[in-house]
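These notes concern the structure reproduced below.
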Amino acid sequence: MGAGAAGAGARGARREPVRERPEPGRTRPEAGRTRPEAGRAGGEARERAARRGGDVPPPRGPRRPPPKPPRPPLVLRLGSPRRRINFGLIGMTFVLSIFAGRLIQMQGLDSKVYEAAAADQRQHTETIPAKRGSITDVNGHDLAVTVEAREVSVDPTKVPAAVRPKIAKILAQQLGKDEQEINAKLAKTGTHYQLLARDVDPVVATRLLQARELPALSAKKTYKRLYPAGDLAGSLIGFVGDEGNGLGGMEQAKNSLLAGRDGEQRVETGRDGQRIPMTSSQRTAPVDGQDVRLTIDRDIQWAAQKSIAEEVRKSEADSGTVIVMDVQTAQIIAMANAPELDLNNWRKAPESRYINKAAADVFEPGSTNKVITAAAALEARVVTPDTVYQVPDSIKCYDQVLRDAHAHKVEALTFRQAMAQSSNVATVMAARKVGSQKLYEMLKAFGFGTAPGGGVPGAEAGLLPDYRKWSGSQSCTVAYGQGVSVTALQMASVYQTIANGGVKIEPQIVAGTTDASGRFVPAAAGKQTRVVSETTAKEIATMLESAVGEEGTGQLAAIDGYRVAGKTGTANRYDAELGRYDGYTASFVGFAPADKPRLVVLSVLQNPKKGHFGGQLAAPVFKDVMTFAIKSKKIPPTGSAAPTVRTRAGQ
């Protein structure tokens with residue numbers, strides 16, 4: 001069986017198998033059958049061929065099944081359409097309920113919150129600046145005024161880069177600014193606001209806003225401060241900064257009164273910053289500041305500044321001061337400094353000029369202080385004007401030898417004559433009879449060591465050490481004005497007290513103010529204090545009149561037709577920067593008419609290089625200013641002659 005099968009297989013290899021052809025009109029039996037049926041048909045065919053002795057065709061291998069189509073995505077199949085609809089309605093109801101709840105919360109519960117938030121986004125508060133009050137002299141002449149101005153700004157995001165250089169050039173020319181500075185501000189496109197200039201004239205601002213080639217400009221109404229008199233009483237008046245606050249002098253001291261109170265306006269604006277028409281606004285009107293009237297007389301102030309400035313220049317002094325004061329009211333008529341502060345260019349001035357030296361600079365007064373020693377001695381009745389002293393040119397005080405200004409032999413001098421000639425030695429001799437405690441108390445009574453008050457800004461108290469702390473030599477030098485420090489205002493107040501019959505009045509710088517209705521309200525009178533008796537004051541006045549006479553050191557202060565009383569001062573000057581005495585302080589202070597005093601004038605020069613005596617440098621300034629003042633005030637001569645007094649010992 002195995003051989004027959006092998007032979008049959010060999011014969012089958014040499015002969016091609018005979019394939020049955022289907023009969024015409026018939027198809028192969030496999031064509032319309034399923035695979036099991038085709039398998040069975042194939043097997044039957046092989047059996048029939050084997051019975052006929054023919055070759056048996058080899059069996060066919062199993063066919064690969066065709067690739068299965070991709071599975072459709074898994075879909076939840078619900079058996080009932082009604083169930084699908086119910087699930088959909090439940091889902092929609094849930095979503096809508098969420099939206100409805102949120103809507104109720106926003107429009108019902110939180111509506112006020114969102115309404116307020118929206119309003120805050122739309123509403124903006126604009127400040128309405130109050131107009132600052134004016135500062136005038138005693139006659140109403142403007143010294144500081146406020147005028148309308150504009151703040152010009154730009155929105156850099158609305159300025160195309162291509163036209164920036166051209167626009168920067170135009171703006172720089174019109175606003176008086178640096179072109180590069182303007183260009184840099186235009187380039188800051190990360191912001192919608194850049195301030196270009198303050199204090200712009202309204203006409204200029206309007207012209208810029210109307211120019212078509214200048215887009216995105218805005219102008220805000222403001223005010224600017226002007227000083228029509230320039231440097232007239234500059235350091236006394238002070239100035240105002242960019243924020244509208246006073247930064248010195250009366251501008252600072254009376255800032256709350258002058259500034260008033262700004263108003264405000266709440267307006268609704270859109271995203272572009274423009275106001276929304278027909279929307280509501282809330283407005284609080286500003287309250288303008290009140291005017292302040294000073295006691296300063298513009299004309300006398302001008303004369304005082306002119307005179308002291310010329311003397312500072314001629315003597316090459318570091319600085320100079322003049323004060324003019326009314327004897328009967330202690331009102332300050334002039335308060336001049338040289339060099340003075342130009343208020344229209346205060347930013348460019350050195351800070352040293354911001355200080356009102358007449359009220360703030362402290363110095364040792366020298367011989368002008370001798371009137372206080374004389375007052376103490378006369379009040380204590382240890383001397384009289386006619387008391388005679390044998391006066392050498394020097395005196396020993398503990399470990400120091402104190403000298404007169406000029407060498408001389410021992411002279412017999414009355415106390416009046418010693419004051420006229422400004423003898424240091426005679427003054428020390430009188431002070432020893434008074435004693436340190438009483439001298440200290442008299443200095444205190446005249447205002448030393450205490451700020452004078454009266455509203456003068458920056459007024460200092462000076463330096464008056466307690467008498468128990470005086471050194472041995474200081475107990476002598478204080479008598480003639482060394483070892484104590486005062487301001488020009490304090491020293492002028494001393495002579496106002498003497499000229500006013502011994503009654504000290506607190507110095508006044510403010511004559512009054514205007515109220516809300518514009519009505520002038522006078523300032524209260526200064527506090528009055530009796531310091532010495534009227535008799536003592538008159539005796540000192542006659543001694544001071546002798547100091548301006550033929551034998552006195554103040555002859556250059558004499559005024560034709562008027563009786564003048566006054567005193568020279570020449571003191572060593574302490575330099576705080578050097579930490580030692582260096583140079584001199586030259587001064588003169590007096591009043592006129594001597595027999596019926598109306599005005600006090602004090603002049604001081606600090607560290608003059610050409611000359612240093614008060615009678616030489618300061619007395620002529622006193623004469624110039626006093627002459628102008630008494631003519632301006634129309635003060636006539638009294639017509640009386642100076643009383644005959646004993647000026648020499650033995651007369």
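Every chain in the structure tokens has a letter given in the order shown (A, B, ...), and although residue numbers restart at 1 in each chain, ligands are simply numbered from 1 in the order shown.
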Write out as a PyMOL selection string the set of residues from segment 181-234 of chain A that DSSP, computed on the backbone, places in strand (DSSP E). chain A and resi 194-200+217-226
Measuring between only C-alpha atoms, which one of A:Ala317, A:Val531, A:Leu443, A:Val510 shows the shortest distance to Thr585 of chain A? A:Ala317
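Using only C-alpha atoms, the contacts of Asp137 of chain A at a cut-off of 6 Å, with sequence neighbours closer than 2 positions omitted, comprise Asn139, Gly140, His141, Arg293, Leu294, Ile296 and Asp297 of chain A.
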Dump as a PDB file, in the first residue's frame, selection limited to all heavy atoms:
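Saved to selection34.pdb:
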```pdb
ATOM      1  N   ASN A 139      -0.601 148.010  52.784  1.00  0.00           N
ATOM      2  CA  ASN A 139      -1.470 148.863  51.977  1.00  0.00           C
ATOM      3  C   ASN A 139      -2.215 148.085  50.898  1.00  0.00           C
ATOM      4  O   ASN A 139      -2.850 148.690  50.025  1.00  0.00           O
ATOM      5  CB  ASN A 139      -0.661 149.992  51.343  1.00  0.00           C
ATOM      6  CG  ASN A 139      -0.065 150.918  52.386  1.00  0.00           C
ATOM      7  OD1 ASN A 139      -0.763 151.360  53.307  1.00  0.00           O
ATOM      8  ND2 ASN A 139       1.223 151.216  52.274  1.00  0.00           N
ATOM      9  N   GLY A 140      -2.133 146.758  50.920  1.00  0.00           N
ATOM     10  CA  GLY A 140      -2.861 145.943  49.959  1.00  0.00           C
ATOM     11  C   GLY A 140      -2.130 145.657  48.674  1.00  0.00           C
ATOM     12  O   GLY A 140      -2.703 145.050  47.758  1.00  0.00           O
ATOM     13  N   HIS A 141      -0.868 146.054  48.550  1.00  0.00           N
ATOM     14  CA  HIS A 141      -0.098 145.748  47.348  1.00  0.00           C
ATOM     15  C   HIS A 141       0.278 144.266  47.347  1.00  0.00           C
ATOM     16  O   HIS A 141       0.749 143.737  48.359  1.00  0.00           O
ATOM     17  CB  HIS A 141       1.160 146.614  47.272  1.00  0.00           C
ATOM     18  CG  HIS A 141       0.876 148.080  47.193  1.00  0.00           C
ATOM     19  ND1 HIS A 141       1.297 148.992  48.147  1.00  0.00           N
ATOM     20  CD2 HIS A 141       0.194 148.804  46.274  1.00  0.00           C
ATOM     21  CE1 HIS A 141       0.904 150.199  47.819  1.00  0.00           C
ATOM     22  NE2 HIS A 141       0.218 150.114  46.677  1.00  0.00           N
ATOM     23  N   ARG A 293      -2.712 139.842  55.087  1.00  0.00           N
ATOM     24  CA  ARG A 293      -2.111 141.176  54.944  1.00  0.00           C
ATOM     25  C   ARG A 293      -0.998 141.326  55.980  1.00  0.00           C
ATOM     26  O   ARG A 293      -1.226 141.166  57.183  1.00  0.00           O
ATOM     27  CB  ARG A 293      -3.159 142.274  55.144  1.00  0.00           C
ATOM     28  CG  ARG A 293      -2.626 143.687  54.911  1.00  0.00           C
ATOM     29  CD  ARG A 293      -3.700 144.730  55.159  1.00  0.00           C
ATOM     30  NE  ARG A 293      -4.820 144.572  54.230  1.00  0.00           N
ATOM     31  CZ  ARG A 293      -5.872 145.389  54.215  1.00  0.00           C
ATOM     32  NH1 ARG A 293      -5.948 146.398  55.094  1.00  0.00           N
ATOM     33  NH2 ARG A 293      -6.860 145.191  53.350  1.00  0.00           N
ATOM     34  N   LEU A 294       0.207 141.600  55.495  1.00  0.00           N
ATOM     35  CA  LEU A 294       1.349 141.770  56.383  1.00  0.00           C
ATOM     36  C   LEU A 294       1.446 143.207  56.863  1.00  0.00           C
ATOM     37  O   LEU A 294       0.815 144.118  56.314  1.00  0.00           O
ATOM     38  CB  LEU A 294       2.637 141.368  55.666  1.00  0.00           C
ATOM     39  CG  LEU A 294       2.710 139.940  55.112  1.00  0.00           C
ATOM     40  CD1 LEU A 294       4.077 139.689  54.488  1.00  0.00           C
ATOM     41  CD2 LEU A 294       2.422 138.916  56.192  1.00  0.00           C
ATOM     42  N   ILE A 296       4.229 144.709  56.616  1.00  0.00           N
ATOM     43  CA  ILE A 296       5.311 145.241  55.785  1.00  0.00           C
ATOM     44  C   ILE A 296       4.788 146.358  54.886  1.00  0.00           C
ATOM     45  O   ILE A 296       3.727 146.240  54.270  1.00  0.00           O
ATOM     46  CB  ILE A 296       5.911 144.111  54.919  1.00  0.00           C
ATOM     47  CG1 ILE A 296       6.548 143.037  55.802  1.00  0.00           C
ATOM     48  CG2 ILE A 296       6.918 144.658  53.923  1.00  0.00           C
ATOM     49  CD1 ILE A 296       7.745 143.519  56.572  1.00  0.00           C
ATOM     50  N   ASP A 297       5.562 147.434  54.793  1.00  0.00           N
ATOM     51  CA  ASP A 297       5.284 148.508  53.850  1.00  0.00           C
ATOM     52  C   ASP A 297       6.188 148.310  52.641  1.00  0.00           C
ATOM     53  O   ASP A 297       7.410 148.313  52.764  1.00  0.00           O
ATOM     54  CB  ASP A 297       5.550 149.870  54.497  1.00  0.00           C
ATOM     55  CG  ASP A 297       5.181 151.033  53.596  1.00  0.00           C
ATOM     56  OD1 ASP A 297       5.826 151.189  52.535  1.00  0.00           O
ATOM     57  OD2 ASP A 297       4.279 151.800  53.957  1.00  0.00           O
TER      58      ASP A 297
END
```
List as a PyMOL selection string the protein and nucleic acid residues near segment 537-539 of chain A, meaning an atom at most 10 Å away when only C-alpha atoms are counted, but skip any in the same chain fewer than 3 places from it. chain A and resi 371+374-375+378-379+384-385+416+495+497-503+531-534+542-545+594-595
Separating atom CA of Ala592 of chain A from atom CA of Ala565 of chain A, to the nearest tenth of an Å, is a gap of 6.5 Å
Near segment 229-235 of chain A, within 8 Å and counting only C-alpha atoms, which residues show up once chain neighbours fewer than 3 positions away are dropped, as a PyMOL selection string? chain A and resi 142-143+238+248-249+298+301-302+305+335-337+340-344+353-356
Store the residues of this selection in a file with N, CA, C and O atoms, as a compact mmCIF listing (two decimals), in the first residue's frame.
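That gives us again-v3.txt:
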```
# COMPACT_ATOMS: atom_id res chain seq x y z
N ASP A 142 0.09 143.62 46.21
CA ASP A 142 0.34 142.18 46.11
C ASP A 142 1.82 141.85 46.23
O ASP A 142 2.67 142.41 45.52
N LEU A 143 2.11 140.91 47.12
CA LEU A 143 3.45 140.35 47.23
C LEU A 143 3.48 138.89 46.77
O LEU A 143 4.52 138.39 46.35
N GLY A 238 8.47 133.59 51.57
CA GLY A 238 8.58 132.16 51.29
C GLY A 238 8.02 131.83 49.92
O GLY A 238 7.72 132.71 49.10
N GLY A 248 8.20 127.66 52.87
CA GLY A 248 9.07 128.57 53.60
C GLY A 248 8.36 129.87 53.91
O GLY A 248 7.35 130.22 53.28
N GLY A 249 8.86 130.60 54.89
CA GLY A 249 8.34 131.92 55.21
C GLY A 249 6.86 131.92 55.57
O GLY A 249 6.32 130.98 56.14
N ARG A 298 5.59 148.13 51.48
CA ARG A 298 6.36 147.79 50.28
C ARG A 298 7.46 148.79 49.97
O ARG A 298 8.60 148.41 49.65
N GLN A 301 10.24 148.68 52.63
CA GLN A 301 10.96 147.41 52.44
C GLN A 301 11.95 147.53 51.29
O GLN A 301 13.10 147.07 51.37
N TRP A 302 11.52 148.15 50.21
CA TRP A 302 12.40 148.33 49.05
C TRP A 302 13.61 149.17 49.43
O TRP A 302 14.75 148.85 49.07
N GLN A 305 16.05 147.13 51.65
CA GLN A 305 16.81 146.14 50.89
C GLN A 305 17.88 146.80 50.03
O GLN A 305 19.01 146.29 49.93
N MET A 335 11.60 144.11 56.83
CA MET A 335 12.49 143.05 57.31
C MET A 335 13.31 142.60 56.10
O MET A 335 12.89 141.74 55.33
N ALA A 336 14.47 143.23 55.93
CA ALA A 336 15.27 143.06 54.72
C ALA A 336 16.54 142.26 54.98
O ALA A 336 17.14 142.38 56.05
N ASN A 337 16.90 141.47 54.00
CA ASN A 337 18.14 140.70 54.06
C ASN A 337 18.92 140.91 52.77
O ASN A 337 18.34 141.15 51.70
N GLU A 340 19.17 138.64 49.09
CA GLU A 340 17.78 138.24 49.32
C GLU A 340 17.37 137.17 48.31
O GLU A 340 18.02 136.97 47.28
N LEU A 341 16.30 136.46 48.61
CA LEU A 341 15.80 135.37 47.78
C LEU A 341 14.86 135.89 46.70
O LEU A 341 13.87 136.56 47.01
N ASP A 342 15.18 135.57 45.43
CA ASP A 342 14.29 135.91 44.33
C ASP A 342 13.23 134.81 44.24
O ASP A 342 13.51 133.67 43.87
N LEU A 343 12.00 135.16 44.57
CA LEU A 343 10.94 134.16 44.66
C LEU A 343 10.54 133.59 43.31
O LEU A 343 9.99 132.48 43.24
N ASN A 344 10.81 134.29 42.23
CA ASN A 344 10.47 133.77 40.91
C ASN A 344 11.51 132.79 40.38
O ASN A 344 11.31 132.16 39.34
N ARG A 353 19.68 131.05 51.23
CA ARG A 353 18.83 132.22 51.02
C ARG A 353 17.37 131.94 51.39
O ARG A 353 16.56 132.87 51.42
N TYR A 354 17.03 130.70 51.63
CA TYR A 354 15.68 130.39 52.05
C TYR A 354 15.42 130.87 53.48
O TYR A 354 14.28 130.99 53.90
N ILE A 355 16.49 131.12 54.23
CA ILE A 355 16.38 131.46 55.65
C ILE A 355 16.22 132.97 55.81
O ILE A 355 16.98 133.76 55.24
N ASN A 356 15.23 133.36 56.59
CA ASN A 356 15.04 134.77 56.93
C ASN A 356 16.03 135.13 58.03
O ASN A 356 15.76 134.96 59.22
```
How many Å lie between atom CA of Phe363 of chain A and atom CA of Arg573 of chain A, rounded to one decimal? 7.1 Å
The distance between atom CA of Lys357 of chain A and atom CA of Gly579 of chain A is 20.1 Å
Which residues are near Arg403 of chain A? Cut-off 10 Å, only C-alpha atoms, ignore same chain within fewer than 3 positions. Put them as a list in words. Pro392, Asp393, Ser394, Ile395, Lys396, Gln400, His406, Ala407, Ser423, Asn424 and Val425 of chain A
Would you export the selected residues with C-alpha atoms as an mmCIF file, in the first residue's frame, please?
```cif
data_model
loop_
_atom_site.group_PDB
_atom_site.id
_atom_site.type_symbol
_atom_site.label_atom_id
_atom_site.label_comp_id
_atom_site.auth_asym_id
_atom_site.auth_seq_id
_atom_site.Cartn_x
_atom_site.Cartn_y
_atom_site.Cartn_z
ATOM 1 C CA PRO A 392 41.146 152.889 82.620
ATOM 2 C CA ASP A 393 41.435 151.309 79.176
ATOM 3 C CA SER A 394 41.459 147.756 80.594
ATOM 4 C CA ILE A 395 40.054 145.760 83.477
ATOM 5 C CA LYS A 396 40.905 142.321 84.817
ATOM 6 C CA GLN A 400 41.099 137.596 81.484
ATOM 7 C CA HIS A 406 40.859 152.278 71.934
ATOM 8 C CA ALA A 407 43.794 152.667 74.264
ATOM 9 C CA SER A 423 33.309 152.030 77.028
ATOM 10 C CA ASN A 424 33.534 148.307 77.812
ATOM 11 C CA VAL A 425 35.427 148.947 81.022
#
```
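Residues in contact with Gly176 of chain A at 12 Å, where only C-alpha atoms are counted and same-chain residues fewer than 5 positions away are skipped, are listed as Ala168, Lys169, Ile170, Leu171, Glu181, Ile182, Leu196, Ala197, Arg198, Asp199, Val200, Asp201 and Val204 of chain A.
If only C-alpha atoms are the atoms counted, then among A:Gly289, A:Pro129, A:Gly481, A:Gly263 the closest residue to Thr513 of chain A is A:Gly289.
Checking A:Asp291, A:Val322, A:Glu506, A:Arg132 one by one against Val521 of chain A, counting only C-alpha atoms, you find the shortest gap at A:Asp291.
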Run DSSP on the backbone and give me the residues of segment 412-472 of chain A it puts in helix (DSSP H, G or I), as a PyMOL selection string. chain A and resi 415-420+424-434+436-445+467-469
Using only C-alpha atoms, which residues of segment 555-593 of chain A come within 9 Å of segment 615-621 of chain A, and what is the closest atom pair for each, with the distance in Å to one decimal? Give it as JSON lines, sorted by chain and residue number.
```
{"residue": "A:Gln555", "atom": "CA", "partner": "A:Gly615", "partner_atom": "CA", "distance": 7.4}
{"residue": "A:Leu556", "atom": "CA", "partner": "A:Ala619", "partner_atom": "CA", "distance": 5.6}
{"residue": "A:Ala557", "atom": "CA", "partner": "A:Ala619", "partner_atom": "CA", "distance": 4.8}
{"residue": "A:Ala558", "atom": "CA", "partner": "A:Ala619", "partner_atom": "CA", "distance": 8.6}
{"residue": "A:Lys567", "atom": "CA", "partner": "A:Gly615", "partner_atom": "CA", "distance": 8.4}
{"residue": "A:Thr568", "atom": "CA", "partner": "A:Gly615", "partner_atom": "CA", "distance": 5.5}
{"residue": "A:Gly569", "atom": "CA", "partner": "A:Gly615", "partner_atom": "CA", "distance": 7.5}
{"residue": "A:Thr570", "atom": "CA", "partner": "A:Gly615", "partner_atom": "CA", "distance": 8.3}
{"residue": "A:Ala586", "atom": "CA", "partner": "A:Ala618", "partner_atom": "CA", "distance": 6.2}
{"residue": "A:Ser587", "atom": "CA", "partner": "A:Ala618", "partner_atom": "CA", "distance": 5.1}
{"residue": "A:Phe588", "atom": "CA", "partner": "A:Ala618", "partner_atom": "CA", "distance": 5.3}
{"residue": "A:Val589", "atom": "CA", "partner": "A:Ala619", "partner_atom": "CA", "distance": 8.0}
```
For the residues in that selection, give me all heavy atoms as a PDB file, in the first residue's frame.
```pdb
ATOM      1  N   GLN A 555      27.804 159.090  65.232  1.00  0.00           N
ATOM      2  CA  GLN A 555      27.563 160.387  64.596  1.00  0.00           C
ATOM      3  C   GLN A 555      27.044 160.241  63.162  1.00  0.00           C
ATOM      4  O   GLN A 555      26.271 161.087  62.688  1.00  0.00           O
ATOM      5  CB  GLN A 555      28.849 161.210  64.590  1.00  0.00           C
ATOM      6  CG  GLN A 555      29.363 161.565  65.976  1.00  0.00           C
ATOM      7  CD  GLN A 555      30.671 162.340  65.923  1.00  0.00           C
ATOM      8  OE1 GLN A 555      30.925 163.107  64.990  1.00  0.00           O
ATOM      9  NE2 GLN A 555      31.519 162.145  66.922  1.00  0.00           N
ATOM     10  N   LEU A 556      27.454 159.179  62.480  1.00  0.00           N
ATOM     11  CA  LEU A 556      27.028 159.000  61.083  1.00  0.00           C
ATOM     12  C   LEU A 556      25.560 158.612  60.968  1.00  0.00           C
ATOM     13  O   LEU A 556      25.023 158.536  59.865  1.00  0.00           O
ATOM     14  CB  LEU A 556      27.897 157.940  60.397  1.00  0.00           C
ATOM     15  CG  LEU A 556      29.378 158.295  60.239  1.00  0.00           C
ATOM     16  CD1 LEU A 556      30.121 157.169  59.543  1.00  0.00           C
ATOM     17  CD2 LEU A 556      29.531 159.606  59.460  1.00  0.00           C
ATOM     18  N   ALA A 557      24.893 158.420  62.111  1.00  0.00           N
ATOM     19  CA  ALA A 557      23.462 158.095  62.097  1.00  0.00           C
ATOM     20  C   ALA A 557      22.595 159.330  62.249  1.00  0.00           C
ATOM     21  O   ALA A 557      21.362 159.235  62.157  1.00  0.00           O
ATOM     22  CB  ALA A 557      23.136 157.103  63.209  1.00  0.00           C
ATOM     23  N   ALA A 558      23.197 160.486  62.493  1.00  0.00           N
ATOM     24  CA  ALA A 558      22.421 161.714  62.728  1.00  0.00           C
ATOM     25  C   ALA A 558      21.653 162.110  61.472  1.00  0.00           C
ATOM     26  O   ALA A 558      22.136 161.963  60.342  1.00  0.00           O
ATOM     27  CB  ALA A 558      23.357 162.827  63.161  1.00  0.00           C
ATOM     28  N   LYS A 567      22.606 153.367  69.226  1.00  0.00           N
ATOM     29  CA  LYS A 567      23.815 152.781  69.784  1.00  0.00           C
ATOM     30  C   LYS A 567      24.519 151.943  68.734  1.00  0.00           C
ATOM     31  O   LYS A 567      23.901 151.192  67.994  1.00  0.00           O
ATOM     32  CB  LYS A 567      23.452 151.880  70.979  1.00  0.00           C
ATOM     33  CG  LYS A 567      24.661 151.333  71.710  1.00  0.00           C
ATOM     34  CD  LYS A 567      25.328 152.412  72.538  1.00  0.00           C
ATOM     35  CE  LYS A 567      26.616 151.907  73.169  1.00  0.00           C
ATOM     36  NZ  LYS A 567      27.687 151.722  72.154  1.00  0.00           N
ATOM     37  N   THR A 568      25.824 152.077  68.691  1.00  0.00           N
ATOM     38  CA  THR A 568      26.654 151.264  67.810  1.00  0.00           C
ATOM     39  C   THR A 568      26.986 149.930  68.480  1.00  0.00           C
ATOM     40  O   THR A 568      26.918 149.791  69.708  1.00  0.00           O
ATOM     41  CB  THR A 568      27.964 151.991  67.475  1.00  0.00           C
ATOM     42  OG1 THR A 568      28.654 152.260  68.707  1.00  0.00           O
ATOM     43  CG2 THR A 568      27.704 153.291  66.739  1.00  0.00           C
ATOM     44  N   GLY A 569      27.359 148.975  67.656  1.00  0.00           N
ATOM     45  CA  GLY A 569      27.787 147.680  68.178  1.00  0.00           C
ATOM     46  C   GLY A 569      28.872 147.096  67.290  1.00  0.00           C
ATOM     47  O   GLY A 569      28.732 147.062  66.067  1.00  0.00           O
ATOM     48  N   THR A 570      29.956 146.658  67.925  1.00  0.00           N
ATOM     49  CA  THR A 570      31.039 145.977  67.221  1.00  0.00           C
ATOM     50  C   THR A 570      31.436 144.779  68.070  1.00  0.00           C
ATOM     51  O   THR A 570      31.943 144.946  69.185  1.00  0.00           O
ATOM     52  CB  THR A 570      32.248 146.897  67.002  1.00  0.00           C
ATOM     53  OG1 THR A 570      31.828 148.086  66.324  1.00  0.00           O
ATOM     54  CG2 THR A 570      33.327 146.182  66.186  1.00  0.00           C
ATOM     55  N   ALA A 586      29.090 144.050  62.804  1.00  0.00           N
ATOM     56  CA  ALA A 586      28.940 145.503  62.934  1.00  0.00           C
ATOM     57  C   ALA A 586      27.455 145.844  62.925  1.00  0.00           C
ATOM     58  O   ALA A 586      26.710 145.365  62.060  1.00  0.00           O
ATOM     59  CB  ALA A 586      29.649 146.214  61.792  1.00  0.00           C
ATOM     60  N   SER A 587      27.016 146.674  63.871  1.00  0.00           N
ATOM     61  CA  SER A 587      25.584 146.969  63.955  1.00  0.00           C
ATOM     62  C   SER A 587      25.324 148.372  64.465  1.00  0.00           C
ATOM     63  O   SER A 587      26.182 149.012  65.087  1.00  0.00           O
ATOM     64  CB  SER A 587      24.889 145.949  64.873  1.00  0.00           C
ATOM     65  OG  SER A 587      25.416 146.025  66.185  1.00  0.00           O
ATOM     66  N   PHE A 588      24.108 148.834  64.193  1.00  0.00           N
ATOM     67  CA  PHE A 588      23.609 150.079  64.772  1.00  0.00           C
ATOM     68  C   PHE A 588      22.101 149.940  64.893  1.00  0.00           C
ATOM     69  O   PHE A 588      21.427 149.450  63.987  1.00  0.00           O
ATOM     70  CB  PHE A 588      23.934 151.297  63.908  1.00  0.00           C
ATOM     71  CG  PHE A 588      23.549 152.590  64.563  1.00  0.00           C
ATOM     72  CD1 PHE A 588      24.472 153.307  65.318  1.00  0.00           C
ATOM     73  CD2 PHE A 588      22.256 153.092  64.459  1.00  0.00           C
ATOM     74  CE1 PHE A 588      24.117 154.495  65.958  1.00  0.00           C
ATOM     75  CE2 PHE A 588      21.896 154.269  65.095  1.00  0.00           C
ATOM     76  CZ  PHE A 588      22.831 154.967  65.847  1.00  0.00           C
ATOM     77  N   VAL A 589      21.561 150.403  66.038  1.00  0.00           N
ATOM     78  CA  VAL A 589      20.126 150.371  66.251  1.00  0.00           C
ATOM     79  C   VAL A 589      19.728 151.622  67.007  1.00  0.00           C
ATOM     80  O   VAL A 589      20.414 152.059  67.927  1.00  0.00           O
ATOM     81  CB  VAL A 589      19.693 149.094  67.014  1.00  0.00           C
ATOM     82  CG1 VAL A 589      20.430 148.958  68.327  1.00  0.00           C
ATOM     83  CG2 VAL A 589      18.185 149.057  67.222  1.00  0.00           C
TER      84      VAL A 589
END
```
Compare A:Lys188, A:Lys444, A:Lys596, A:Lys433 by their minimum atom-to-atom distance to Pro160 of chain A, counting only C-alpha atoms, and give me the closest one. A:Lys188
